[in-house]
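What follows is work-v4.pdb (PDB, C-alpha atoms and all ligand atoms).
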ATOM      1  CA  MET E   1     -26.181 -13.344 -50.755  1.00  0.00           C
ATOM      2  CA  ARG E   2     -28.171 -16.512 -51.350  1.00  0.00           C
ATOM      3  CA  ILE E   3     -29.565 -18.089 -48.171  1.00  0.00           C
ATOM      4  CA  ILE E   4     -31.504 -21.288 -47.639  1.00  0.00           C
ATOM      5  CA  ILE E   5     -33.795 -21.075 -44.634  1.00  0.00           C
ATOM      6  CA  GLY E   6     -35.086 -24.226 -42.986  1.00  0.00           C
ATOM      7  CA  ILE E   7     -37.935 -24.028 -40.485  1.00  0.00           C
ATOM      8  CA  THR E   8     -38.398 -27.215 -38.474  1.00  0.00           C
ATOM      9  CA  GLY E   9     -40.940 -28.392 -35.920  1.00  0.00           C
ATOM     10  CA  ALA E  10     -39.263 -26.883 -32.865  1.00  0.00           C
ATOM     11  CA  SER E  11     -41.105 -24.245 -30.896  1.00  0.00           C
ATOM     12  CA  GLY E  12     -40.314 -20.642 -31.862  1.00  0.00           C
ATOM     13  CA  ALA E  13     -41.543 -20.543 -35.461  1.00  0.00           C
ATOM     14  CA  VAL E  14     -41.810 -16.770 -35.044  1.00  0.00           C
ATOM     15  CA  PHE E  15     -37.992 -16.582 -34.982  1.00  0.00           C
ATOM     16  CA  GLY E  16     -37.877 -18.186 -38.421  1.00  0.00           C
ATOM     17  CA  VAL E  17     -40.564 -15.834 -39.716  1.00  0.00           C
ATOM     18  CA  GLU E  18     -38.750 -12.766 -38.376  1.00  0.00           C
ATOM     19  CA  PHE E  19     -35.441 -13.914 -39.826  1.00  0.00           C
ATOM     20  CA  LEU E  20     -37.138 -14.380 -43.211  1.00  0.00           C
ATOM     21  CA  ARG E  21     -38.672 -10.908 -43.010  1.00  0.00           C
ATOM     22  CA  ARG E  22     -35.438  -9.167 -42.070  1.00  0.00           C
ATOM     23  CA  ALA E  23     -32.826 -10.917 -44.238  1.00  0.00           C
ATOM     24  CA  GLN E  24     -32.004  -8.787 -47.282  1.00  0.00           C
ATOM     25  CA  ALA E  25     -30.915 -11.641 -49.511  1.00  0.00           C
ATOM     26  CA  GLU E  26     -32.058 -14.065 -52.163  1.00  0.00           C
ATOM     27  CA  LYS E  27     -33.981 -16.452 -49.941  1.00  0.00           C
ATOM     28  CA  PHE E  28     -35.234 -19.985 -50.423  1.00  0.00           C
ATOM     29  CA  LEU E  29     -37.451 -21.650 -47.862  1.00  0.00           C
ATOM     30  CA  ILE E  30     -37.848 -25.240 -46.745  1.00  0.00           C
ATOM     31  CA  LEU E  31     -40.434 -26.103 -44.077  1.00  0.00           C
ATOM     32  CA  SER E  32     -40.386 -29.563 -42.546  1.00  0.00           C
ATOM     33  CA  ARG E  33     -43.681 -31.411 -42.008  1.00  0.00           C
ATOM     34  CA  TRP E  34     -43.644 -30.513 -38.306  1.00  0.00           C
ATOM     35  CA  GLY E  35     -42.379 -27.064 -39.182  1.00  0.00           C
ATOM     36  CA  HIS E  36     -45.669 -26.486 -41.050  1.00  0.00           C
ATOM     37  CA  TYR E  37     -47.587 -27.726 -38.027  1.00  0.00           C
ATOM     38  CA  VAL E  38     -45.800 -25.622 -35.394  1.00  0.00           C
ATOM     39  CA  LEU E  39     -45.852 -22.530 -37.641  1.00  0.00           C
ATOM     40  CA  LYS E  40     -49.656 -22.768 -37.864  1.00  0.00           C
ATOM     41  CA  GLU E  41     -50.066 -23.677 -34.199  1.00  0.00           C
ATOM     42  CA  GLU E  42     -47.897 -20.870 -32.835  1.00  0.00           C
ATOM     43  CA  THR E  43     -48.404 -18.039 -35.326  1.00  0.00           C
ATOM     44  CA  GLY E  44     -51.524 -18.904 -37.311  1.00  0.00           C
ATOM     45  CA  LEU E  45     -49.439 -18.561 -40.483  1.00  0.00           C
ATOM     46  CA  THR E  46     -48.984 -21.029 -43.317  1.00  0.00           C
ATOM     47  CA  GLU E  47     -46.263 -21.353 -45.934  1.00  0.00           C
ATOM     48  CA  HIS E  48     -48.486 -19.286 -48.207  1.00  0.00           C
ATOM     49  CA  HIS E  49     -48.067 -16.246 -45.896  1.00  0.00           C
ATOM     50  CA  LEU E  50     -44.270 -16.529 -46.121  1.00  0.00           C
ATOM     51  CA  ALA E  51     -44.145 -16.675 -49.916  1.00  0.00           C
ATOM     52  CA  GLU E  52     -43.753 -12.899 -50.320  1.00  0.00           C
ATOM     53  CA  HIS E  53     -40.442 -13.021 -48.445  1.00  0.00           C
ATOM     54  CA  VAL E  54     -38.784 -15.733 -50.510  1.00  0.00           C
ATOM     55  CA  LYS E  55     -37.852 -16.345 -54.097  1.00  0.00           C
ATOM     56  CA  ARG E  56     -39.119 -19.886 -53.870  1.00  0.00           C
ATOM     57  CA  ALA E  57     -40.136 -22.527 -51.352  1.00  0.00           C
ATOM     58  CA  PHE E  58     -39.276 -26.197 -51.711  1.00  0.00           C
ATOM     59  CA  SER E  59     -40.884 -29.224 -50.161  1.00  0.00           C
ATOM     60  CA  ASP E  60     -38.795 -30.956 -47.502  1.00  0.00           C
ATOM     61  CA  ASP E  61     -39.573 -34.225 -49.342  1.00  0.00           C
ATOM     62  CA  ASP E  62     -38.086 -32.992 -52.591  1.00  0.00           C
ATOM     63  CA  LEU E  63     -34.583 -34.379 -52.765  1.00  0.00           C
ATOM     64  CA  SER E  64     -34.455 -33.481 -56.459  1.00  0.00           C
ATOM     65  CA  ALA E  65     -34.485 -29.759 -55.547  1.00  0.00           C
ATOM     66  CA  PRO E  66     -31.397 -27.824 -56.733  1.00  0.00           C
ATOM     67  CA  PHE E  67     -29.839 -27.318 -53.300  1.00  0.00           C
ATOM     68  CA  ALA E  68     -29.700 -31.061 -52.650  1.00  0.00           C
ATOM     69  CA  SER E  69     -26.607 -30.924 -54.853  1.00  0.00           C
ATOM     70  CA  GLY E  70     -23.369 -29.188 -54.004  1.00  0.00           C
ATOM     71  CA  SER E  71     -23.129 -27.933 -57.585  1.00  0.00           C
ATOM     72  CA  ASN E  72     -25.844 -25.353 -56.950  1.00  0.00           C
ATOM     73  CA  HIS E  73     -24.286 -22.578 -54.987  1.00  0.00           C
ATOM     74  CA  PHE E  74     -25.687 -20.947 -51.896  1.00  0.00           C
ATOM     75  CA  ASP E  75     -23.813 -18.847 -49.388  1.00  0.00           C
ATOM     76  CA  ALA E  76     -25.432 -19.935 -46.162  1.00  0.00           C
ATOM     77  CA  MET E  77     -28.058 -22.177 -44.678  1.00  0.00           C
ATOM     78  CA  VAL E  78     -29.944 -21.137 -41.569  1.00  0.00           C
ATOM     79  CA  ILE E  79     -32.169 -23.580 -39.719  1.00  0.00           C
ATOM     80  CA  ILE E  80     -34.366 -21.499 -37.449  1.00  0.00           C
ATOM     81  CA  PRO E  81     -35.828 -22.846 -35.276  1.00  0.00           C
ATOM     82  CA  CYS E  82     -33.916 -26.133 -35.423  1.00  0.00           C
ATOM     83  CA  SER E  83     -35.323 -29.126 -33.571  1.00  0.00           C
ATOM     84  CA  ALA E  84     -33.092 -31.485 -31.615  1.00  0.00           C
ATOM     85  CA  SER E  85     -34.192 -34.176 -34.048  1.00  0.00           C
ATOM     86  CA  THR E  86     -33.006 -32.318 -37.157  1.00  0.00           C
ATOM     87  CA  MET E  87     -29.744 -31.379 -35.441  1.00  0.00           C
ATOM     88  CA  ALA E  88     -29.214 -35.038 -34.521  1.00  0.00           C
ATOM     89  CA  LYS E  89     -29.742 -36.179 -38.091  1.00  0.00           C
ATOM     90  CA  ILE E  90     -27.301 -33.618 -39.452  1.00  0.00           C
ATOM     91  CA  ALA E  91     -24.715 -34.551 -36.821  1.00  0.00           C
ATOM     92  CA  CYS E  92     -25.017 -38.215 -37.855  1.00  0.00           C
ATOM     93  CA  GLY E  93     -24.603 -37.402 -41.545  1.00  0.00           C
ATOM     94  CA  ILE E  94     -28.200 -38.225 -42.447  1.00  0.00           C
ATOM     95  CA  GLY E  95     -29.562 -36.328 -45.433  1.00  0.00           C
ATOM     96  CA  ASP E  96     -32.955 -37.922 -46.026  1.00  0.00           C
ATOM     97  CA  SER E  97     -34.980 -34.695 -46.217  1.00  0.00           C
ATOM     98  CA  LEU E  98     -34.228 -31.509 -48.122  1.00  0.00           C
ATOM     99  CA  ILE E  99     -33.354 -29.651 -44.905  1.00  0.00           C
ATOM    100  CA  THR E 100     -30.931 -32.316 -43.674  1.00  0.00           C
ATOM    101  CA  ARG E 101     -29.509 -32.920 -47.153  1.00  0.00           C
ATOM    102  CA  THR E 102     -28.903 -29.176 -47.731  1.00  0.00           C
ATOM    103  CA  ALA E 103     -27.194 -28.989 -44.332  1.00  0.00           C
ATOM    104  CA  GLN E 104     -25.051 -31.971 -45.348  1.00  0.00           C
ATOM    105  CA  VAL E 105     -24.139 -30.099 -48.536  1.00  0.00           C
ATOM    106  CA  ALA E 106     -23.302 -26.953 -46.555  1.00  0.00           C
ATOM    107  CA  LEU E 107     -20.918 -28.930 -44.345  1.00  0.00           C
ATOM    108  CA  LYS E 108     -19.210 -30.821 -47.145  1.00  0.00           C
ATOM    109  CA  GLU E 109     -18.823 -27.701 -49.287  1.00  0.00           C
ATOM    110  CA  LYS E 110     -17.614 -25.681 -46.268  1.00  0.00           C
ATOM    111  CA  ARG E 111     -20.453 -23.169 -46.541  1.00  0.00           C
ATOM    112  CA  LYS E 112     -21.982 -21.380 -43.582  1.00  0.00           C
ATOM    113  CA  LEU E 113     -24.475 -23.428 -41.601  1.00  0.00           C
ATOM    114  CA  LEU E 114     -26.251 -21.695 -38.741  1.00  0.00           C
ATOM    115  CA  ILE E 115     -28.285 -23.932 -36.470  1.00  0.00           C
ATOM    116  CA  ALA E 116     -30.671 -21.974 -34.233  1.00  0.00           C
ATOM    117  CA  LEU E 117     -31.370 -24.836 -31.883  1.00  0.00           C
ATOM    118  CA  ARG E 118     -34.556 -24.623 -29.803  1.00  0.00           C
ATOM    119  CA  GLU E 119     -34.742 -27.236 -27.122  1.00  0.00           C
ATOM    120  CA  THR E 120     -34.445 -27.162 -23.352  1.00  0.00           C
ATOM    121  CA  PRO E 121     -33.075 -28.751 -21.307  1.00  0.00           C
ATOM    122  CA  LEU E 122     -30.425 -30.229 -23.587  1.00  0.00           C
ATOM    123  CA  SER E 123     -29.648 -33.919 -23.256  1.00  0.00           C
ATOM    124  CA  THR E 124     -26.066 -35.145 -23.184  1.00  0.00           C
ATOM    125  CA  ILE E 125     -26.735 -36.580 -26.645  1.00  0.00           C
ATOM    126  CA  ALA E 126     -27.847 -33.195 -28.015  1.00  0.00           C
ATOM    127  CA  LEU E 127     -24.858 -31.474 -26.408  1.00  0.00           C
ATOM    128  CA  GLU E 128     -22.494 -34.010 -27.979  1.00  0.00           C
ATOM    129  CA  GLN E 129     -24.141 -33.525 -31.355  1.00  0.00           C
ATOM    130  CA  ALA E 130     -23.918 -29.744 -31.079  1.00  0.00           C
ATOM    131  CA  HIS E 131     -20.233 -30.103 -30.186  1.00  0.00           C
ATOM    132  CA  LYS E 132     -19.625 -32.396 -33.159  1.00  0.00           C
ATOM    133  CA  LEU E 133     -21.368 -29.993 -35.545  1.00  0.00           C
ATOM    134  CA  SER E 134     -19.482 -27.024 -34.162  1.00  0.00           C
ATOM    135  CA  GLN E 135     -16.210 -28.858 -34.778  1.00  0.00           C
ATOM    136  CA  ALA E 136     -17.395 -29.573 -38.330  1.00  0.00           C
ATOM    137  CA  GLY E 137     -17.835 -25.841 -38.916  1.00  0.00           C
ATOM    138  CA  ALA E 138     -21.500 -25.240 -38.112  1.00  0.00           C
ATOM    139  CA  ILE E 139     -22.502 -22.280 -35.978  1.00  0.00           C
ATOM    140  CA  ILE E 140     -24.615 -23.483 -33.068  1.00  0.00           C
ATOM    141  CA  MET E 141     -26.780 -20.561 -32.045  1.00  0.00           C
ATOM    142  CA  PRO E 142     -29.369 -21.621 -29.464  1.00  0.00           C
ATOM    143  CA  ILE E 143     -32.469 -19.438 -29.526  1.00  0.00           C
ATOM    144  CA  SER E 144     -31.622 -17.278 -26.582  1.00  0.00           C
ATOM    145  CA  PRO E 145     -32.750 -13.641 -26.788  1.00  0.00           C
ATOM    146  CA  ALA E 146     -30.702 -10.961 -25.035  1.00  0.00           C
ATOM    147  CA  PHE E 147     -31.922  -8.368 -22.558  1.00  0.00           C
ATOM    148  CA  TYR E 148     -29.218  -5.730 -22.800  1.00  0.00           C
ATOM    149  CA  HIS E 149     -31.310  -3.768 -25.296  1.00  0.00           C
ATOM    150  CA  HIS E 150     -34.102  -3.544 -22.723  1.00  0.00           C
ATOM    151  CA  PRO E 151     -36.789  -5.114 -24.929  1.00  0.00           C
ATOM    152  CA  LYS E 152     -40.276  -3.776 -24.288  1.00  0.00           C
ATOM    153  CA  SER E 153     -42.069  -6.689 -25.911  1.00  0.00           C
ATOM    154  CA  VAL E 154     -41.693 -10.263 -27.063  1.00  0.00           C
ATOM    155  CA  GLU E 155     -41.612  -8.900 -30.625  1.00  0.00           C
ATOM    156  CA  GLN E 156     -38.523  -6.847 -29.804  1.00  0.00           C
ATOM    157  CA  MET E 157     -36.839  -9.894 -28.300  1.00  0.00           C
ATOM    158  CA  VAL E 158     -37.559 -11.872 -31.446  1.00  0.00           C
ATOM    159  CA  GLU E 159     -36.313  -9.033 -33.673  1.00  0.00           C
ATOM    160  CA  GLN E 160     -33.108  -8.769 -31.648  1.00  0.00           C
ATOM    161  CA  PHE E 161     -32.381 -12.469 -32.023  1.00  0.00           C
ATOM    162  CA  ALA E 162     -33.136 -12.432 -35.754  1.00  0.00           C
ATOM    163  CA  ASP E 163     -30.756  -9.489 -36.182  1.00  0.00           C
ATOM    164  CA  ARG E 164     -28.127 -11.266 -34.112  1.00  0.00           C
ATOM    165  CA  ALA E 165     -28.362 -14.247 -36.462  1.00  0.00           C
ATOM    166  CA  LEU E 166     -28.033 -11.899 -39.442  1.00  0.00           C
ATOM    167  CA  ALA E 167     -24.983 -10.249 -37.873  1.00  0.00           C
ATOM    168  CA  THR E 168     -23.450 -13.692 -37.366  1.00  0.00           C
ATOM    169  CA  LEU E 169     -23.769 -14.270 -41.109  1.00  0.00           C
ATOM    170  CA  GLY E 170     -22.023 -10.964 -41.815  1.00  0.00           C
ATOM    171  CA  PHE E 171     -24.994  -8.664 -42.380  1.00  0.00           C
ATOM    172  CA  GLU E 172     -24.693  -5.166 -40.977  1.00  0.00           C
ATOM    173  CA  THR E 173     -27.000  -4.535 -38.049  1.00  0.00           C
ATOM    174  CA  ASN E 174     -26.912  -1.836 -35.409  1.00  0.00           C
ATOM    175  CA  LEU E 175     -27.457  -4.062 -32.437  1.00  0.00           C
ATOM    176  CA  ALA E 176     -23.930  -4.222 -31.082  1.00  0.00           C
ATOM    177  CA  TRP E 177     -23.817  -3.873 -27.334  1.00  0.00           C
ATOM    178  CA  LYS E 178     -22.444  -0.437 -26.297  1.00  0.00           C
ATOM    179  CA  ALA E 179     -21.335   0.256 -29.893  1.00  0.00           C
ATOM    180  CA  GLU E 180     -21.604   3.980 -29.217  1.00  0.00           C
ATOM    181  CA  SER E 181     -18.631   3.793 -26.852  1.00  0.00           C
ATOM    182  CA  LEU E 182     -16.426   2.784 -29.805  1.00  0.00           C
ATOM    183  CA  GLU E 183     -17.060   6.126 -31.570  1.00  0.00           C
TER
HETATM  184  C1  LIG E 201     -46.039 -27.857 -30.615  1.00  0.00           C
HETATM  185  C2  LIG E 201     -44.734 -28.592 -30.717  1.00  0.00           C
HETATM  186  C3  LIG E 201     -43.589 -27.999 -30.209  1.00  0.00           C
HETATM  187  C4  LIG E 201     -42.363 -28.653 -30.296  1.00  0.00           C
HETATM  188  N1  LIG E 201     -41.250 -28.040 -29.809  1.00  0.00           N
HETATM  189  C5  LIG E 201     -40.045 -28.606 -29.947  1.00  0.00           C
HETATM  190  C6  LIG E 201     -38.868 -27.920 -29.526  1.00  0.00           C
HETATM  191  O1  LIG E 201     -38.904 -26.794 -29.019  1.00  0.00           O
HETATM  192  N2  LIG E 201     -37.670 -28.512 -29.752  1.00  0.00           N
HETATM  193  C7  LIG E 201     -37.563 -29.739 -30.346  1.00  0.00           C
HETATM  194  O2  LIG E 201     -36.448 -30.196 -30.530  1.00  0.00           O
HETATM  195  N3  LIG E 201     -38.685 -30.428 -30.743  1.00  0.00           N
HETATM  196  C8  LIG E 201     -39.902 -29.890 -30.568  1.00  0.00           C
HETATM  197  N4  LIG E 201     -41.037 -30.560 -30.996  1.00  0.00           N
HETATM  198  C9  LIG E 201     -40.893 -31.911 -31.518  1.00  0.00           C
HETATM  199  C10 LIG E 201     -40.533 -31.914 -33.001  1.00  0.00           C
HETATM  200  O3  LIG E 201     -41.566 -31.307 -33.763  1.00  0.00           O
HETATM  201  C11 LIG E 201     -40.328 -33.372 -33.468  1.00  0.00           C
HETATM  202  O4  LIG E 201     -39.162 -33.907 -32.876  1.00  0.00           O
HETATM  203  C12 LIG E 201     -40.261 -33.489 -34.970  1.00  0.00           C
HETATM  204  O5  LIG E 201     -40.013 -34.829 -35.328  1.00  0.00           O
HETATM  205  C13 LIG E 201     -39.170 -32.630 -35.547  1.00  0.00           C
HETATM  206  O6  LIG E 201     -39.078 -32.894 -36.916  1.00  0.00           O
HETATM  207  P1  LIG E 201     -38.364 -31.866 -37.883  1.00  0.00           P
HETATM  208  O7  LIG E 201     -37.071 -31.510 -37.249  1.00  0.00           O
HETATM  209  O8  LIG E 201     -38.210 -32.618 -39.171  1.00  0.00           O
HETATM  210  O9  LIG E 201     -39.276 -30.701 -38.028  1.00  0.00           O
HETATM  211  C14 LIG E 201     -42.282 -29.924 -30.902  1.00  0.00           C
HETATM  212  C15 LIG E 201     -43.444 -30.512 -31.418  1.00  0.00           C
HETATM  213  C16 LIG E 201     -44.641 -29.855 -31.316  1.00  0.00           C
HETATM  214  C17 LIG E 201     -45.881 -30.525 -31.882  1.00  0.00           C
END
Turn this file's structure into structure tokens for me.
Amino acid sequence: MRIIIGITGASGAVFGVEFLRRAQAEKFLILSRWGHYVLKEETGLTEHHLAEHVKRAFSDDDLSAPFASGSNHFDAMVIIPCSASTMAKIACGIGDSLITRTAQVALKEKRKLLIALRETPLSTIALEQAHKLSQAGAIIMPISPAFYHHPKSVEQMVEQFADRALATLGFETNLAWKAESLE
């Protein structure tokens, strides 16, 4: 599977990093300008540290990158964490950065688009935009870790959410709630 991962300037960069680490796929990374900033601020990491997990990283300014065109196939795009601002742009059909343009491509080509929104509280505008995107086929997956696995640490909460996102894309994970009772 070929996945494009966008990391924007919402809080929760660690969720993007964990998703990158765990996804067994051909991965391409796009960090927005504020994504770079929040990644460094919250985790101490830079794009350089993420390079080992991806085939290639592209600049968010580079609209000549292959995935800005629908002719270059990818299976899914995951924006994690996704800021309210990036979600708003996508909902309005704006594609003026590589992240928003690739999301626009995903929607028009009917490919999977998972938006791991990180914002709280949510304004009426953001809720309307999330609704619009959901109707257009995007998966709106607010960053919202579960507790039914009894996490012992923040790391485990982050891992659980990253695996949940992977499961949503069709990857096999063993995090189903009470799966043992199905045996
Ligand atoms: C430390 C920090 C944390 C932020 N957290 C959030 C957040 O959780 N959600 C959000 O929507 N915006 C957040 N922002 C604001 C976004 O970074 C800002 O709206 C930016 O323009 C988003 O651009 P981008 O989506 O292209 O990365 C945060 C900004 C900073 C500096």
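The space separating CA of Phe67 (chain E) from atom N1 of ligand LIG 201 (chain E) comes to 26.1 Å.
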### Query
Of the residues E:Leu107, E:Gly9, E:Phe19, E:Lys40, which is the one nearest to Val158 (chain E), using all atoms listed in the file?
E:Phe19
Reference answer for the PyMOL selection byres (((chain E and resi 173) around 12) and not hetatm), as an mmCIF file with C-alpha atoms, keeping the file's coordinate frame:
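To be explicit, this is the file written out as out-v2.cif:
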data_model
loop_
_atom_site.group_PDB
_atom_site.id
_atom_site.type_symbol
_atom_site.label_atom_id
_atom_site.label_comp_id
_atom_site.auth_asym_id
_atom_site.auth_seq_id
_atom_site.Cartn_x
_atom_site.Cartn_y
_atom_site.Cartn_z
ATOM 1 C CA ARG E 22 -35.438 -9.167 -42.070
ATOM 2 C CA ALA E 23 -32.826 -10.917 -44.238
ATOM 3 C CA GLN E 24 -32.004 -8.787 -47.282
ATOM 4 C CA GLU E 159 -36.313 -9.033 -33.673
ATOM 5 C CA GLN E 160 -33.108 -8.769 -31.648
ATOM 6 C CA PHE E 161 -32.381 -12.469 -32.023
ATOM 7 C CA ALA E 162 -33.136 -12.432 -35.754
ATOM 8 C CA ASP E 163 -30.756 -9.489 -36.182
ATOM 9 C CA ARG E 164 -28.127 -11.266 -34.112
ATOM 10 C CA ALA E 165 -28.362 -14.247 -36.462
ATOM 11 C CA LEU E 166 -28.033 -11.899 -39.442
ATOM 12 C CA ALA E 167 -24.983 -10.249 -37.873
ATOM 13 C CA THR E 168 -23.450 -13.692 -37.366
ATOM 14 C CA LEU E 169 -23.769 -14.270 -41.109
ATOM 15 C CA GLY E 170 -22.023 -10.964 -41.815
ATOM 16 C CA PHE E 171 -24.994 -8.664 -42.380
ATOM 17 C CA GLU E 172 -24.693 -5.166 -40.977
ATOM 18 C CA ASN E 174 -26.912 -1.836 -35.409
ATOM 19 C CA LEU E 175 -27.457 -4.062 -32.437
ATOM 20 C CA ALA E 176 -23.930 -4.222 -31.082
ATOM 21 C CA TRP E 177 -23.817 -3.873 -27.334
ATOM 22 C CA ALA E 179 -21.335 0.256 -29.893
#
Excluding same-chain residues fewer than 2 positions from Ile90 (chain E), what lies within 9 Å of it counting all atoms listed in the file, as a short mmCIF file (atom, residue, chain, number, x, y, z; two decimals) with C-alpha atoms, in the frame of the given file?
data_model
loop_
_atom_site.label_atom_id
_atom_site.label_comp_id
_atom_site.auth_asym_id
_atom_site.auth_seq_id
_atom_site.Cartn_x
_atom_site.Cartn_y
_atom_site.Cartn_z
CA SER E 85 -34.19 -34.18 -34.05
CA THR E 86 -33.01 -32.32 -37.16
CA MET E 87 -29.74 -31.38 -35.44
CA ALA E 88 -29.21 -35.04 -34.52
CA CYS E 92 -25.02 -38.22 -37.85
CA GLY E 93 -24.60 -37.40 -41.54
CA ILE E 94 -28.20 -38.22 -42.45
CA GLY E 95 -29.56 -36.33 -45.43
CA THR E 100 -30.93 -32.32 -43.67
CA ARG E 101 -29.51 -32.92 -47.15
CA ALA E 103 -27.19 -28.99 -44.33
CA GLN E 104 -25.05 -31.97 -45.35
CA GLN E 129 -24.14 -33.52 -31.36
CA LEU E 133 -21.37 -29.99 -35.54
#
### Task
May I have the protein, DNA and RNA residues with any atom at most 8 Å from the point (-33.5, -21.2, -42.4), counting all atoms listed in the file, written as a ChimeraX atom specification?
/E:3-7,16,19-20,29-30,77-81
### Lys112 (chain E) surroundings by only C-alpha atoms, 8 Å radius, close-in-sequence under 2 positions cut, as JSON, numbers by chain
{"E": [75, 76, 77, 106, 107, 110, 114, 137, 138, 139, 169]}
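Checking E:Ala65, E:Leu31, E:Ala146, E:Ala91 one by one against ligand LIG 201 (chain E), counting only C-alpha atoms and all ligand atoms, you find the shortest gap at E:Leu31.
Neighbouring residues of ligand LIG 201 (chain E) at a cut-off of 6 Å, counting only C-alpha atoms and all ligand atoms, are E:Thr8, E:Gly9, E:Ala10, E:Ser11, E:Ser32, E:Arg33, E:Trp34, E:Gly35, E:Val38, E:Ser83, E:Ala84, E:Ser85, E:Thr86, E:Arg118, E:Glu119.
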